[in-house]
>>> print(open('entry.txt').read())   # compact mmCIF, C-alpha atoms and all ligand atoms
# COMPACT_ATOMS: atom_id res chain seq x y z
CA MET A 1 0.00 0.00 0.00
CA LEU A 2 2.80 2.42 0.91
CA SER A 3 4.61 2.03 -2.41
CA GLN A 4 1.31 2.39 -4.28
CA ILE A 5 0.70 5.66 -2.41
CA ARG A 6 4.29 6.81 -2.97
CA ASN A 7 3.88 6.30 -6.72
CA LYS A 8 0.70 8.35 -6.70
CA VAL A 9 2.24 11.15 -4.65
CA GLU A 10 5.26 11.33 -6.94
CA ALA A 11 2.98 11.47 -9.98
CA GLY A 12 0.81 14.17 -8.37
CA GLU A 13 -2.22 11.88 -8.31
CA ARG A 14 -5.08 11.91 -5.85
CA ILE A 15 -5.20 9.27 -3.11
CA THR A 16 -8.37 7.39 -2.14
CA PRO A 17 -10.08 7.38 1.28
CA GLU A 18 -8.75 3.83 1.86
CA GLU A 19 -5.19 4.98 1.16
CA GLY A 20 -5.73 7.98 3.42
CA LEU A 21 -6.88 5.71 6.22
CA PHE A 22 -3.79 3.53 5.76
CA LEU A 23 -1.52 6.58 6.10
CA LEU A 24 -3.31 7.77 9.20
CA SER A 25 -3.62 4.45 11.01
CA LYS A 26 -0.95 2.08 9.77
CA ALA A 27 2.00 3.81 8.08
CA ASP A 28 5.15 4.60 10.03
CA LEU A 29 5.15 8.21 11.13
CA LEU A 30 8.50 8.95 9.51
CA ASP A 31 7.32 7.54 6.18
CA LEU A 32 4.69 10.27 6.05
CA ALA A 33 7.06 13.24 6.14
CA PRO A 34 8.71 12.85 2.70
CA LEU A 35 5.37 12.07 1.05
CA ALA A 36 3.79 15.18 2.56
CA GLN A 37 6.81 17.31 1.72
CA THR A 38 6.54 16.26 -1.92
CA TRP A 39 3.10 17.88 -2.06
CA ARG A 40 4.30 20.81 0.05
CA TRP A 41 7.05 21.69 -2.42
CA ARG A 42 4.71 21.12 -5.35
CA HIS A 43 2.21 23.64 -3.98
CA ASN A 44 4.71 26.03 -2.40
CA PRO A 45 8.12 25.78 -4.06
CA ALA A 46 9.73 28.66 -2.18
CA PRO A 47 11.57 27.84 1.08
CA HIS A 48 9.33 30.25 2.94
CA VAL A 49 6.97 29.67 5.82
CA SER A 50 4.34 32.35 6.13
CA PHE A 51 2.63 33.85 9.13
CA VAL A 52 0.00 36.53 9.58
CA VAL A 53 -0.13 39.30 12.17
CA ASP A 54 -3.59 38.81 13.55
CA THR A 55 -5.79 39.01 16.57
CA ASN A 56 -8.77 36.86 17.43
CA LEU A 57 -11.63 38.85 18.89
CA ASN A 58 -14.58 37.12 20.50
CA TYR A 59 -17.56 39.47 20.37
CA THR A 60 -19.93 37.44 22.57
CA ASN A 61 -19.74 34.32 24.69
CA ILE A 62 -23.52 33.82 24.84
CA CYS A 63 -24.31 30.71 22.89
CA ASP A 64 -27.06 28.13 22.51
CA ALA A 65 -25.03 25.39 20.83
CA TYR A 66 -23.85 23.69 24.06
CA CYS A 67 -20.82 22.08 22.43
CA SER A 68 -19.41 19.69 25.01
CA PHE A 69 -15.82 20.42 23.93
CA CYS A 70 -16.15 24.15 24.61
CA ALA A 71 -15.16 25.96 27.81
CA PHE A 72 -15.95 29.41 26.45
CA TYR A 73 -19.71 29.72 26.20
CA ARG A 74 -22.34 31.02 28.65
CA THR A 75 -26.03 30.26 28.20
CA ASP A 76 -27.57 32.83 30.52
CA PRO A 77 -27.16 36.50 29.51
CA SER A 78 -27.56 37.52 33.18
CA ASP A 79 -24.52 35.44 34.19
CA PRO A 80 -21.90 37.96 35.38
CA SER A 81 -19.32 36.36 33.12
CA ALA A 82 -21.57 36.54 30.04
CA TYR A 83 -20.84 39.40 27.64
CA THR A 84 -21.63 40.88 24.25
CA TYR A 85 -19.52 43.73 22.92
CA THR A 86 -21.07 46.60 21.02
CA VAL A 87 -19.72 47.45 17.57
CA GLU A 88 -18.07 50.49 19.15
CA GLN A 89 -16.30 48.37 21.79
CA ILE A 90 -15.01 46.04 19.09
CA MET A 91 -13.76 49.02 17.05
CA GLU A 92 -11.76 50.19 20.08
CA LYS A 93 -10.16 46.76 20.37
CA ILE A 94 -9.34 46.71 16.66
CA GLY A 95 -7.82 50.18 16.96
CA LYS A 96 -5.45 48.92 19.68
CA SER A 97 -4.54 45.87 17.59
CA VAL A 98 -3.76 48.00 14.55
CA GLU A 99 -1.23 49.91 16.66
CA LYS A 100 0.56 46.56 17.19
CA GLY A 101 0.69 45.92 13.43
CA VAL A 102 -2.33 43.63 13.04
CA THR A 103 -3.53 43.18 9.46
CA THR A 104 -6.09 40.41 10.06
CA VAL A 105 -8.86 40.40 12.62
CA LEU A 106 -10.35 36.95 13.10
CA MET A 107 -13.76 37.31 14.75
CA GLN A 108 -15.73 34.45 16.19
CA GLY A 109 -18.16 34.12 19.04
CA GLY A 110 -21.16 32.30 20.45
CA LEU A 111 -24.41 31.71 18.60
CA ASN A 112 -26.37 34.54 20.16
CA ASP A 113 -30.08 34.83 19.35
CA ALA A 114 -30.19 38.45 20.52
CA LEU A 115 -27.97 39.77 17.72
CA PRO A 116 -29.66 40.89 14.49
CA LEU A 117 -28.03 40.59 11.07
CA SER A 118 -27.49 44.37 11.09
CA TYR A 119 -25.05 43.97 14.03
CA TYR A 120 -22.73 41.77 11.96
CA VAL A 121 -23.08 43.84 8.80
CA GLU A 122 -22.29 47.02 10.71
CA MET A 123 -19.26 45.35 12.28
CA VAL A 124 -17.86 44.58 8.83
CA ARG A 125 -18.73 47.98 7.37
CA GLU A 126 -17.24 49.91 10.28
CA THR A 127 -14.07 47.80 10.25
CA LYS A 128 -13.56 48.53 6.58
CA ARG A 129 -14.36 52.23 6.97
CA ARG A 130 -12.18 52.90 9.99
CA PHE A 131 -9.33 50.46 9.42
CA PRO A 132 -8.65 50.11 5.69
CA THR A 133 -5.44 48.13 6.33
CA VAL A 134 -7.33 45.42 8.25
CA THR A 135 -8.97 42.37 6.67
CA PRO A 136 -12.14 41.42 8.52
CA HIS A 137 -11.85 37.63 8.71
CA TYR A 138 -15.22 37.23 10.42
CA TRP A 139 -17.81 34.61 11.35
CA SER A 140 -17.60 30.90 10.76
CA ALA A 141 -20.33 28.74 9.22
CA PRO A 142 -22.44 28.16 12.39
CA GLU A 143 -22.58 31.93 12.94
CA ILE A 144 -23.70 32.44 9.34
CA MET A 145 -26.43 29.85 9.93
CA LYS A 146 -27.45 31.65 13.14
CA MET A 147 -27.67 34.96 11.23
CA SER A 148 -29.84 33.22 8.66
CA GLN A 149 -32.06 31.72 11.36
CA VAL A 150 -32.47 34.98 13.33
CA SER A 151 -33.06 37.17 10.25
CA GLY A 152 -35.25 34.66 8.41
CA GLU A 153 -33.12 35.24 5.32
CA SER A 154 -31.28 32.60 3.29
CA VAL A 155 -27.60 31.77 3.81
CA HIS A 156 -26.93 33.30 0.39
CA TYR A 157 -28.66 36.54 1.42
CA VAL A 158 -26.61 36.75 4.63
CA LEU A 159 -23.32 36.09 2.84
CA GLN A 160 -24.14 38.61 0.13
CA ALA A 161 -24.98 41.24 2.77
CA LEU A 162 -21.58 40.66 4.42
CA TRP A 163 -19.86 40.75 1.04
CA ASP A 164 -21.59 44.02 0.14
CA ALA A 165 -20.39 45.47 3.46
CA GLY A 166 -16.81 44.66 2.42
CA GLN A 167 -16.05 41.20 3.82
CA ARG A 168 -13.98 38.99 1.50
CA THR A 169 -12.64 36.14 3.67
CA MET A 170 -14.17 33.79 6.21
CA PRO A 171 -12.69 31.40 8.79
CA GLY A 172 -13.44 27.68 8.65
CA GLY A 173 -14.45 27.13 12.26
CA GLY A 174 -17.43 25.09 13.34
CA SER A 175 -16.55 22.12 11.20
CA GLU A 176 -14.90 20.19 14.05
CA ILE A 177 -15.18 16.75 12.53
CA LEU A 178 -17.29 16.58 9.39
CA SER A 179 -19.08 13.44 10.48
CA ASN A 180 -22.71 13.49 11.51
CA ARG A 181 -22.16 10.71 14.07
CA ALA A 182 -19.35 12.54 15.89
CA LYS A 183 -21.12 15.90 15.68
CA ALA A 184 -24.24 14.42 17.25
CA ILE A 185 -22.13 13.51 20.30
CA ILE A 186 -20.16 16.73 20.73
CA SER A 187 -22.80 19.34 19.93
CA ARG A 188 -26.56 19.53 20.12
CA PHE A 189 -27.08 20.29 16.43
CA LYS A 190 -29.34 17.91 14.58
CA PRO A 191 -26.93 15.31 13.27
CA LYS A 192 -28.68 15.01 9.93
CA ASP A 193 -28.04 18.65 9.06
CA THR A 194 -24.64 19.64 10.34
CA VAL A 195 -22.14 18.36 7.77
CA ASP A 196 -24.33 19.57 4.93
CA GLN A 197 -24.86 22.92 6.62
CA TRP A 198 -21.14 23.57 7.07
CA THR A 199 -20.28 22.52 3.55
CA GLN A 200 -23.18 24.44 2.01
CA VAL A 201 -22.17 27.68 3.73
CA HIS A 202 -18.69 27.33 2.26
CA VAL A 203 -19.97 26.35 -1.19
CA GLU A 204 -22.24 29.43 -1.22
CA ALA A 205 -19.44 31.67 0.08
CA HIS A 206 -17.04 30.42 -2.59
CA LYS A 207 -19.60 31.06 -5.33
CA ILE A 208 -19.91 34.69 -4.21
CA GLY A 209 -16.12 35.05 -4.21
CA PHE A 210 -15.10 34.58 -0.57
CA VAL A 211 -11.87 32.79 0.20
CA THR A 212 -12.22 30.68 3.32
CA THR A 213 -10.23 28.29 5.44
CA ALA A 214 -11.25 24.81 6.54
CA THR A 215 -10.50 23.60 10.04
CA MET A 216 -10.73 20.33 11.94
CA MET A 217 -10.74 19.69 15.67
CA TYR A 218 -9.86 16.07 16.44
CA GLY A 219 -8.86 14.03 19.46
CA HIS A 220 -12.30 13.58 21.05
CA VAL A 221 -14.90 11.00 19.97
CA GLU A 222 -14.01 10.70 16.29
CA THR A 223 -12.62 7.62 14.58
CA ASP A 224 -9.78 7.61 12.06
CA GLU A 225 -12.36 6.87 9.37
CA GLU A 226 -14.18 10.07 10.33
CA ILE A 227 -10.98 12.11 10.07
CA VAL A 228 -10.58 10.85 6.51
CA GLU A 229 -14.30 11.52 5.88
CA SER A 230 -13.79 15.13 7.00
CA LEU A 231 -10.88 15.60 4.62
CA ASP A 232 -12.94 14.07 1.86
CA HIS A 233 -15.79 16.57 2.39
CA ILE A 234 -13.29 19.44 2.27
CA ARG A 235 -11.67 18.10 -0.90
CA LYS A 236 -15.10 17.82 -2.54
CA VAL A 237 -16.11 21.36 -1.56
CA GLU A 238 -12.87 22.65 -3.10
CA ASP A 239 -13.50 20.59 -6.23
CA GLN A 240 -16.83 22.40 -6.56
CA ALA A 241 -15.09 25.78 -6.21
CA LYS A 242 -12.62 25.03 -9.02
CA GLY A 243 -12.68 27.67 -11.73
CA GLY A 244 -14.93 29.92 -9.65
CA PRO A 245 -14.10 33.18 -7.87
CA GLY A 246 -13.55 31.73 -4.35
CA GLY A 247 -12.29 28.64 -2.58
CA PHE A 248 -10.28 27.36 0.33
CA THR A 249 -6.92 28.94 1.06
CA ALA A 250 -5.78 26.61 3.82
CA PHE A 251 -6.58 23.68 6.05
CA ILE A 252 -5.95 24.02 9.78
CA PRO A 253 -6.23 21.04 12.12
CA TRP A 254 -5.89 21.22 15.89
CA SER A 255 -6.56 18.92 18.81
CA TYR A 256 -9.30 19.08 21.43
CA LYS A 257 -8.22 20.48 24.81
CA ARG A 258 -9.99 18.92 27.80
CA SER A 259 -9.70 21.56 30.54
CA ASN A 260 -12.98 23.03 31.80
CA THR A 261 -15.07 21.17 29.21
CA ALA A 262 -17.99 18.77 29.74
CA LEU A 263 -16.56 16.34 27.19
CA ALA A 264 -13.55 15.67 29.43
CA LYS A 265 -15.67 13.09 31.27
CA LYS A 266 -15.76 11.01 28.08
CA VAL A 267 -12.33 11.78 26.67
CA LEU A 268 -9.70 10.97 29.24
CA GLU A 269 -6.58 11.76 27.26
CA GLU A 270 -5.62 14.43 24.77
CA ALA A 271 -4.14 13.50 21.41
CA GLY A 272 -0.38 13.97 21.31
CA PRO A 273 2.20 15.09 18.75
CA ASN A 274 2.31 11.75 16.91
CA LYS A 275 -1.37 12.04 15.94
CA TYR A 276 -0.97 15.71 15.12
CA LEU A 277 1.94 15.13 12.75
CA ARG A 278 0.09 12.24 11.08
CA ILE A 279 -2.91 14.50 10.49
CA ILE A 280 -0.77 17.36 9.16
CA ALA A 281 0.97 15.00 6.74
CA LEU A 282 -2.22 13.22 5.72
CA SER A 283 -4.01 16.49 5.09
CA ARG A 284 -1.15 17.74 2.89
CA ILE A 285 -1.30 14.55 0.83
CA TYR A 286 -5.09 14.15 0.75
CA LEU A 287 -6.04 17.77 0.10
CA ASP A 288 -4.24 17.97 -3.22
CA ASN A 289 -6.46 20.92 -4.23
CA VAL A 290 -5.94 23.13 -1.15
CA PRO A 291 -2.87 25.37 -1.44
CA HIS A 292 -1.77 25.73 2.19
CA ILE A 293 -1.60 23.65 5.37
CA GLN A 294 -1.25 25.55 8.61
CA ALA A 295 0.83 24.37 11.54
CA SER A 296 -1.20 25.08 14.63
CA TRP A 297 1.66 26.07 16.95
CA PHE A 298 -0.88 27.71 19.25
CA SER A 299 -2.70 24.51 20.13
CA GLU A 300 0.06 21.93 19.75
CA GLY A 301 2.97 23.87 21.18
CA ARG A 302 5.73 25.75 19.47
CA LYS A 303 8.13 22.81 19.06
CA THR A 304 5.51 20.52 17.54
CA GLY A 305 4.50 23.39 15.27
CA GLN A 306 8.10 23.59 14.07
CA VAL A 307 8.27 19.83 13.38
CA ALA A 308 4.98 20.11 11.44
CA LEU A 309 6.87 22.26 8.92
CA GLN A 310 8.73 19.07 7.94
CA PHE A 311 5.43 17.15 7.67
CA GLY A 312 3.76 19.22 4.95
CA ALA A 313 2.78 22.48 6.66
CA ASP A 314 3.95 25.68 4.97
CA ASP A 315 2.24 28.26 7.17
CA PHE A 316 2.69 29.09 10.84
CA GLY A 317 -0.68 30.73 11.47
CA GLY A 318 -1.07 33.97 13.29
CA THR A 319 0.12 35.86 16.31
CA LEU A 320 -3.37 35.70 17.91
CA PHE A 321 -2.89 38.76 20.07
CA ASP A 322 -6.26 38.46 21.81
CA GLU A 323 -7.72 34.94 21.72
CA ASN A 324 -10.15 33.74 24.42
CA VAL A 325 -11.74 30.46 23.30
CA MET A 326 -8.66 28.27 23.72
CA LEU A 327 -7.67 30.37 26.71
CA ALA A 328 -10.93 29.31 28.42
CA ALA A 329 -9.73 25.71 28.06
CA GLY A 330 -6.54 26.62 29.92
CA PHE A 331 -4.36 27.10 26.88
CA TYR A 332 -2.25 30.25 26.83
CA ASN A 333 -1.45 30.79 23.23
CA ARG A 334 -0.05 34.12 22.14
CA THR A 335 3.16 34.97 20.41
CA THR A 336 4.94 38.00 19.01
CA ILE A 337 6.05 38.82 15.49
CA ASP A 338 9.70 38.34 16.49
CA GLU A 339 9.00 34.98 18.10
CA ALA A 340 7.04 33.74 15.06
CA LYS A 341 9.95 34.75 12.82
CA SER A 342 12.58 33.09 14.98
CA LEU A 343 10.56 29.84 15.36
CA ILE A 344 10.24 29.61 11.57
CA SER A 345 13.90 30.39 11.02
CA GLU A 346 15.01 27.91 13.70
CA ALA A 347 12.98 25.24 11.86
CA GLY A 348 14.99 25.88 8.67
CA PHE A 349 12.73 28.20 6.67
CA ILE A 350 12.63 31.86 5.72
CA PRO A 351 9.82 33.69 7.51
CA SER A 352 7.43 35.68 5.38
CA GLN A 353 4.51 37.80 6.46
CA ARG A 354 1.27 37.28 4.56
CA THR A 355 -2.24 38.68 4.29
CA THR A 356 -5.39 36.78 5.26
CA SER A 357 -5.67 35.54 1.68
CA TYR A 358 -2.03 34.35 1.64
CA ARG A 359 -0.54 37.15 -0.44
CA ILE A 360 3.05 37.67 0.70
CA LEU A 361 3.66 41.13 2.16
CA GLU A 362 7.31 40.77 3.14
CA VAL A 363 9.98 38.10 3.04
CA PHE A 364 12.41 38.41 5.95
CA GLU A 365 15.61 37.36 4.18
CA LYS A 366 17.68 38.71 7.05
CA ASP A 367 15.97 36.14 9.30
CA ALA A 368 16.87 33.24 6.97
CA PRO A 369 18.22 30.20 8.81
CA ILE A 370 21.97 29.69 9.13
CA LYS A 371 21.70 26.02 8.18
CA PRO A 372 21.13 25.25 4.48
CA LEU A 373 17.53 24.50 3.58
CA ALA A 374 16.44 21.09 2.37
CA VAL A 375 14.72 22.35 -0.79
CA PRO A 376 14.40 19.64 -3.44
CA VAL A 377 15.98 20.39 -6.81
CA SER A 378 12.64 19.86 -8.58
CA ALA A 379 11.10 22.62 -6.46
CA GLY A 380 13.62 25.14 -7.72
S1 LIG B 1 -17.69 26.10 20.23
FE1 LIG B 1 -18.74 27.96 19.54
S2 LIG B 1 -20.78 27.22 18.96
FE2 LIG B 1 -19.92 25.63 20.32
S3 LIG B 1 -20.58 26.20 22.41
FE3 LIG B 1 -18.54 27.14 22.09
S4 LIG B 1 -19.03 29.21 21.41
FE4 LIG B 1 -20.88 27.99 21.10
>>> encode(input="entry.txt", output="structure tokens", more="lines below")
Ligand code: SF4
Amino acid sequence: MLSQIRNKVEAGERITPEEGLFLLSKADLLDLAPLAQTWRWRHNPAPHVSFVVDTNLNYTNICDAYCSFCAFYRTDPSDPSAYTYTVEQIMEKIGKSVEKGVTTVLMQGGLNDALPLSYYVEMVRETKRRFPTVTPHYWSAPEIMKMSQVSGESVHYVLQALWDAGQRTMPGGGSEILSNRAKAIISRFKPKDTVDQWTQVHVEAHKIGFVTTATMMYGHVETDEEIVESLDHIRKVEDQAKGGPGGFTAFIPWSYKRSNTALAKKVLEEAGPNKYLRIIALSRIYLDNVPHIQASWFSEGRKTGQVALQFGADDFGGTLFDENVMLAAGFYNRTTIDEAKSLISEAGFIPSQRTTSYRILEVFEKDAPIKPLAVPVSAG
């Protein structure tokens, strides 16, 4: 099986779900790295690893999704720790982030019935008006569905309203594992609808012209088959986007963190680096139509993030100046621009700063590693 997969990877051919499952469950970890790197260099021939200067703002923690893996949400608006920021409060936070050099604001929050569509549209419009250098990377698929539900308008209507206000990119959160069985266990959504809902939001967004990411949170109740199933859904959504104005820019996996979550009663151990590196490598090989794979240094730790750059990842994510969801699960996860650059350089790559849509803003040649880079001849 391994040599059959190797032949396909070298020829640039697509692997099957069965071959993906073999790589994830049975192949030796160190056999995965060169296969994944072959696709990495094919997609991204320069010896650069990109990062984005971003912040992650969480506008409300009031939510009615009750995800058992989440330590962030509050259900009762009168709870002293429940909050919803006004558009003005969010603008103040963005203003402070811009002073630190932020170019991307990732915005995600709870699914809050009290917020009308106009709140979200105004947030986008005001961000664009007041901070022209900032890309509003706002709202993942479940939030779009909530906007649709609260407003009574279609998903297409909601996305078009956000687009008209100036939004052009969207994060891929809320996918978790794209398996109806696993989703039925970890969130209260109707299992029949969830995978289709997430994929349909992204298909619609891509048709309008949005570029989006796709994410996966693993290490809870999912099986290896369901990890492959998730990747397969993402590959199919990107196939549908081919030739159109939008599509996925990157895939970003990270592992479930147990602290302060209800699901910890069922999941006694967190997934470790071995599983993470397998998933990074598998995703690079399986998602032959997605240009970038992001190393999630913030959830897996800086050192594992660096190793992931030898397992197919070509992007180091963002600085996340102000993230609260993972923080609620006991995970302190911020870095600085200088630290991101030195981690990339230490791992053997030249750091480059990018935009939300992966356009390179600056290559930091002076931060190039001292050791020679292992760039294959075929990659130039
Ligand atoms: S993960 Fe998001 S949707 Fe789920 S409970 Fe937490 S805030 Fe709500």
>>> residues_around(input="entry.txt", residues="Gly101 in chain A", least_positions_apart="6", cutoff="10 Å", atoms="all atoms listed in the file", output="ChimeraX atom specification")
/A:53-55,133-134,337
>>> closest_atom_pairs(input="entry.txt", of="chain A", to="ligand LIG 1 (chain B)", cutoff="12 Å", atoms="all atoms listed in the file", output="CSV")
residue,atom,partner,partner_atom,distance
A:Asn58,CA,B:LIG1,S4,9.1
A:Tyr59,CA,B:LIG1,S4,10.4
A:Thr60,CA,B:LIG1,S4,8.4
A:Asn61,CA,B:LIG1,S4,6.1
A:Ile62,CA,B:LIG1,S4,7.3
A:Cys63,CA,B:LIG1,FE4,4.7
A:Asp64,CA,B:LIG1,FE4,6.3
A:Ala65,CA,B:LIG1,S3,4.8
A:Tyr66,CA,B:LIG1,S3,4.4
A:Cys67,CA,B:LIG1,S3,4.1
A:Ser68,CA,B:LIG1,S3,7.1
A:Phe69,CA,B:LIG1,S1,7.0
A:Cys70,CA,B:LIG1,FE3,4.6
A:Ala71,CA,B:LIG1,FE3,6.7
A:Phe72,CA,B:LIG1,FE3,5.6
A:Tyr73,CA,B:LIG1,S4,4.9
A:Arg74,CA,B:LIG1,S3,8.1
A:Thr75,CA,B:LIG1,S3,8.9
A:Ala82,CA,B:LIG1,S4,11.6
A:Met107,CA,B:LIG1,FE1,11.6
A:Gln108,CA,B:LIG1,FE1,7.9
A:Gly109,CA,B:LIG1,S4,5.5
A:Gly110,CA,B:LIG1,S4,3.9
A:Leu111,CA,B:LIG1,FE4,5.7
A:Asn112,CA,B:LIG1,FE4,8.6
A:Asp113,CA,B:LIG1,FE4,11.6
A:Trp139,CA,B:LIG1,FE1,10.6
A:Ser140,CA,B:LIG1,FE1,9.3
A:Ala141,CA,B:LIG1,S2,9.9
A:Pro142,CA,B:LIG1,S2,6.8
A:Glu143,CA,B:LIG1,S2,7.9
A:Ile144,CA,B:LIG1,S2,11.3
A:Met145,CA,B:LIG1,S2,11.0
A:Lys146,CA,B:LIG1,S2,9.9
A:Gly173,CA,B:LIG1,FE1,8.5
A:Gly174,CA,B:LIG1,S2,6.9
A:Ser175,CA,B:LIG1,S1,9.9
A:Glu176,CA,B:LIG1,S1,9.0
A:Lys183,CA,B:LIG1,FE2,10.8
A:Ile186,CA,B:LIG1,FE2,8.9
A:Ser187,CA,B:LIG1,FE2,6.9
A:Arg188,CA,B:LIG1,FE2,9.0
A:Phe189,CA,B:LIG1,S2,9.7
A:Met217,CA,B:LIG1,S1,10.5
A:Tyr256,CA,B:LIG1,S1,11.0
A:Lys257,CA,B:LIG1,S1,11.9
A:Asn260,CA,B:LIG1,FE3,11.9
A:Thr261,CA,B:LIG1,FE3,9.9
A:Ala262,CA,B:LIG1,S3,10.8
A:Leu263,CA,B:LIG1,S3,11.7
A:Asn324,CA,B:LIG1,S4,10.4
A:Val325,CA,B:LIG1,S4,7.6
A:Met326,CA,B:LIG1,S1,9.9
A:Ala328,CA,B:LIG1,FE3,10.1
A:Ala329,CA,B:LIG1,FE3,10.7
>>> residues_around(input="entry.txt", residues="range 346-351 of chain A", least_positions_apart="3", cutoff="6 Å", atoms="all atoms listed in the file", output="list in words")
Pro47, His48, Val49, Ser50, Gln306, Lys341, Ser342, Leu343, Phe364, Ala368, Pro369 and Leu373 of chain A
>>> atom_distance(input="entry.txt", atom1="CA of Arg42 in chain A", atom2="CA of Gly12 in chain A")
8.5 Å
>>> atom_distance(input="entry.txt", atom1="CA of Pro291 in chain A", atom2="CA of Arg235 in chain A")
11.4 Å
>>> closest_residue(input="entry.txt", among="A:Thr104, A:Thr336, A:Thr304, A:Ser259", to="Asn274 in chain A", atoms="only C-alpha atoms")
A:Thr304
>>> closest_residue(input="entry.txt", among="A:Glu226, A:Asp76, A:Asp315, A:Glu122", to="Ile280 in chain A", atoms="only C-alpha atoms")
A:Asp315
>>> residues_around(input="entry.txt", residues="Gly20 in chain A", least_positions_apart="3", cutoff="7 Å", atoms="all atoms listed in the file", output="ChimeraX atom specification")
/A:15-17,23-24,228,282,286
>>> write_last_selection(input="entry.txt", atoms="C-alpha atoms", output="mmCIF file, in the frame of the given file")
data_model
loop_
_atom_site.group_PDB
_atom_site.id
_atom_site.type_symbol
_atom_site.label_atom_id
_atom_site.label_comp_id
_atom_site.auth_asym_id
_atom_site.auth_seq_id
_atom_site.Cartn_x
_atom_site.Cartn_y
_atom_site.Cartn_z
ATOM 1 C CA ILE A 15 -5.200 9.270 -3.110
ATOM 2 C CA THR A 16 -8.370 7.390 -2.140
ATOM 3 C CA PRO A 17 -10.080 7.380 1.280
ATOM 4 C CA LEU A 23 -1.520 6.580 6.100
ATOM 5 C CA LEU A 24 -3.310 7.770 9.200
ATOM 6 C CA VAL A 228 -10.580 10.850 6.510
ATOM 7 C CA LEU A 282 -2.220 13.220 5.720
ATOM 8 C CA TYR A 286 -5.090 14.150 0.750
#
>>> atom_distance(input="entry.txt", atom1="CA of Ala241 in chain A", atom2="CA of Val195 in chain A")
17.3 Å
>>> residues_around(input="entry.txt", residues="range 36-38 of chain A", least_positions_apart="3", cutoff="9 Å", atoms="only C-alpha atoms", output="ChimeraX atom specification")
/A:9-10,12,32-33,41-43,280-285,309-313,376
>>> residues_around(input="entry.txt", residues="range 149-163 of chain A", least_positions_apart="2", cutoff="8 Å", atoms="only C-alpha atoms", output="JSON, numbers by chain")
{"A": [113, 115, 116, 117, 120, 121, 124, 144, 145, 146, 147, 165, 166, 167, 168, 201, 204, 205, 208, 210]}
>>> closest_residue(input="entry.txt", among="A:Thr215, A:Thr355, A:Thr135, A:Ser148", to="Ile227 in chain A", atoms="all atoms listed in the file")
A:Thr215
>>> residues_near_point(input="entry.txt", point="(-10.5, 28.0, -2.4)", cutoff="10 Å", atoms="only C-alpha atoms", output="list of chain:residue names")
A:His202, A:Val203, A:Ala205, A:His206, A:Gly209, A:Phe210, A:Val211, A:Thr212, A:Thr213, A:Ala214, A:Val237, A:Glu238, A:Asp239, A:Gln240, A:Ala241, A:Lys242, A:Gly243, A:Gly244, A:Pro245, A:Gly246, A:Gly247, A:Phe248, A:Thr249, A:Ala250, A:Asn289, A:Val290, A:Pro291, A:Ser357
>>> write_last_selection(input="entry.txt", atoms="C-alpha atoms", output="tab-separated table (two decimals), keeping the file's coordinate frame")
chain	number	residue	atom	x	y	z
A	202	HIS	CA	-18.69	27.33	2.26
A	203	VAL	CA	-19.97	26.35	-1.19
A	205	ALA	CA	-19.44	31.67	0.08
A	206	HIS	CA	-17.04	30.42	-2.59
A	209	GLY	CA	-16.12	35.05	-4.21
A	210	PHE	CA	-15.10	34.58	-0.57
A	211	VAL	CA	-11.87	32.79	0.20
A	212	THR	CA	-12.22	30.68	3.32
A	213	THR	CA	-10.23	28.29	5.44
A	214	ALA	CA	-11.25	24.81	6.54
A	237	VAL	CA	-16.11	21.36	-1.56
A	238	GLU	CA	-12.87	22.65	-3.10
A	239	ASP	CA	-13.50	20.59	-6.23
A	240	GLN	CA	-16.83	22.40	-6.56
A	241	ALA	CA	-15.09	25.78	-6.21
A	242	LYS	CA	-12.62	25.03	-9.02
A	243	GLY	CA	-12.68	27.67	-11.73
A	244	GLY	CA	-14.93	29.92	-9.65
A	245	PRO	CA	-14.10	33.18	-7.87
A	246	GLY	CA	-13.55	31.73	-4.35
A	247	GLY	CA	-12.29	28.64	-2.58
A	248	PHE	CA	-10.28	27.36	0.33
A	249	THR	CA	-6.92	28.94	1.06
A	250	ALA	CA	-5.78	26.61	3.82
A	289	ASN	CA	-6.46	20.92	-4.23
A	290	VAL	CA	-5.94	23.13	-1.15
A	291	PRO	CA	-2.87	25.37	-1.44
A	357	SER	CA	-5.67	35.54	1.68
>>> closest_residue(input="entry.txt", among="A:Arg258, A:Glu269, A:Ala340, A:Arg354", to="Phe298 in chain A", atoms="only C-alpha atoms")
A:Ala340
>>> decode(input="entry.txt", residues="range 336-347 of chain A", atoms="C-alpha atoms", output="compact mmCIF listing (two decimals), in the first residue's frame")
# COMPACT_ATOMS: atom_id res chain seq x y z
CA THR A 336 4.94 38.00 19.01
CA ILE A 337 6.05 38.82 15.49
CA ASP A 338 9.70 38.34 16.49
CA GLU A 339 9.00 34.98 18.10
CA ALA A 340 7.04 33.74 15.06
CA LYS A 341 9.95 34.75 12.82
CA SER A 342 12.58 33.09 14.98
CA LEU A 343 10.56 29.84 15.36
CA ILE A 344 10.24 29.61 11.57
CA SER A 345 13.90 30.39 11.02
CA GLU A 346 15.01 27.91 13.70
CA ALA A 347 12.98 25.24 11.86
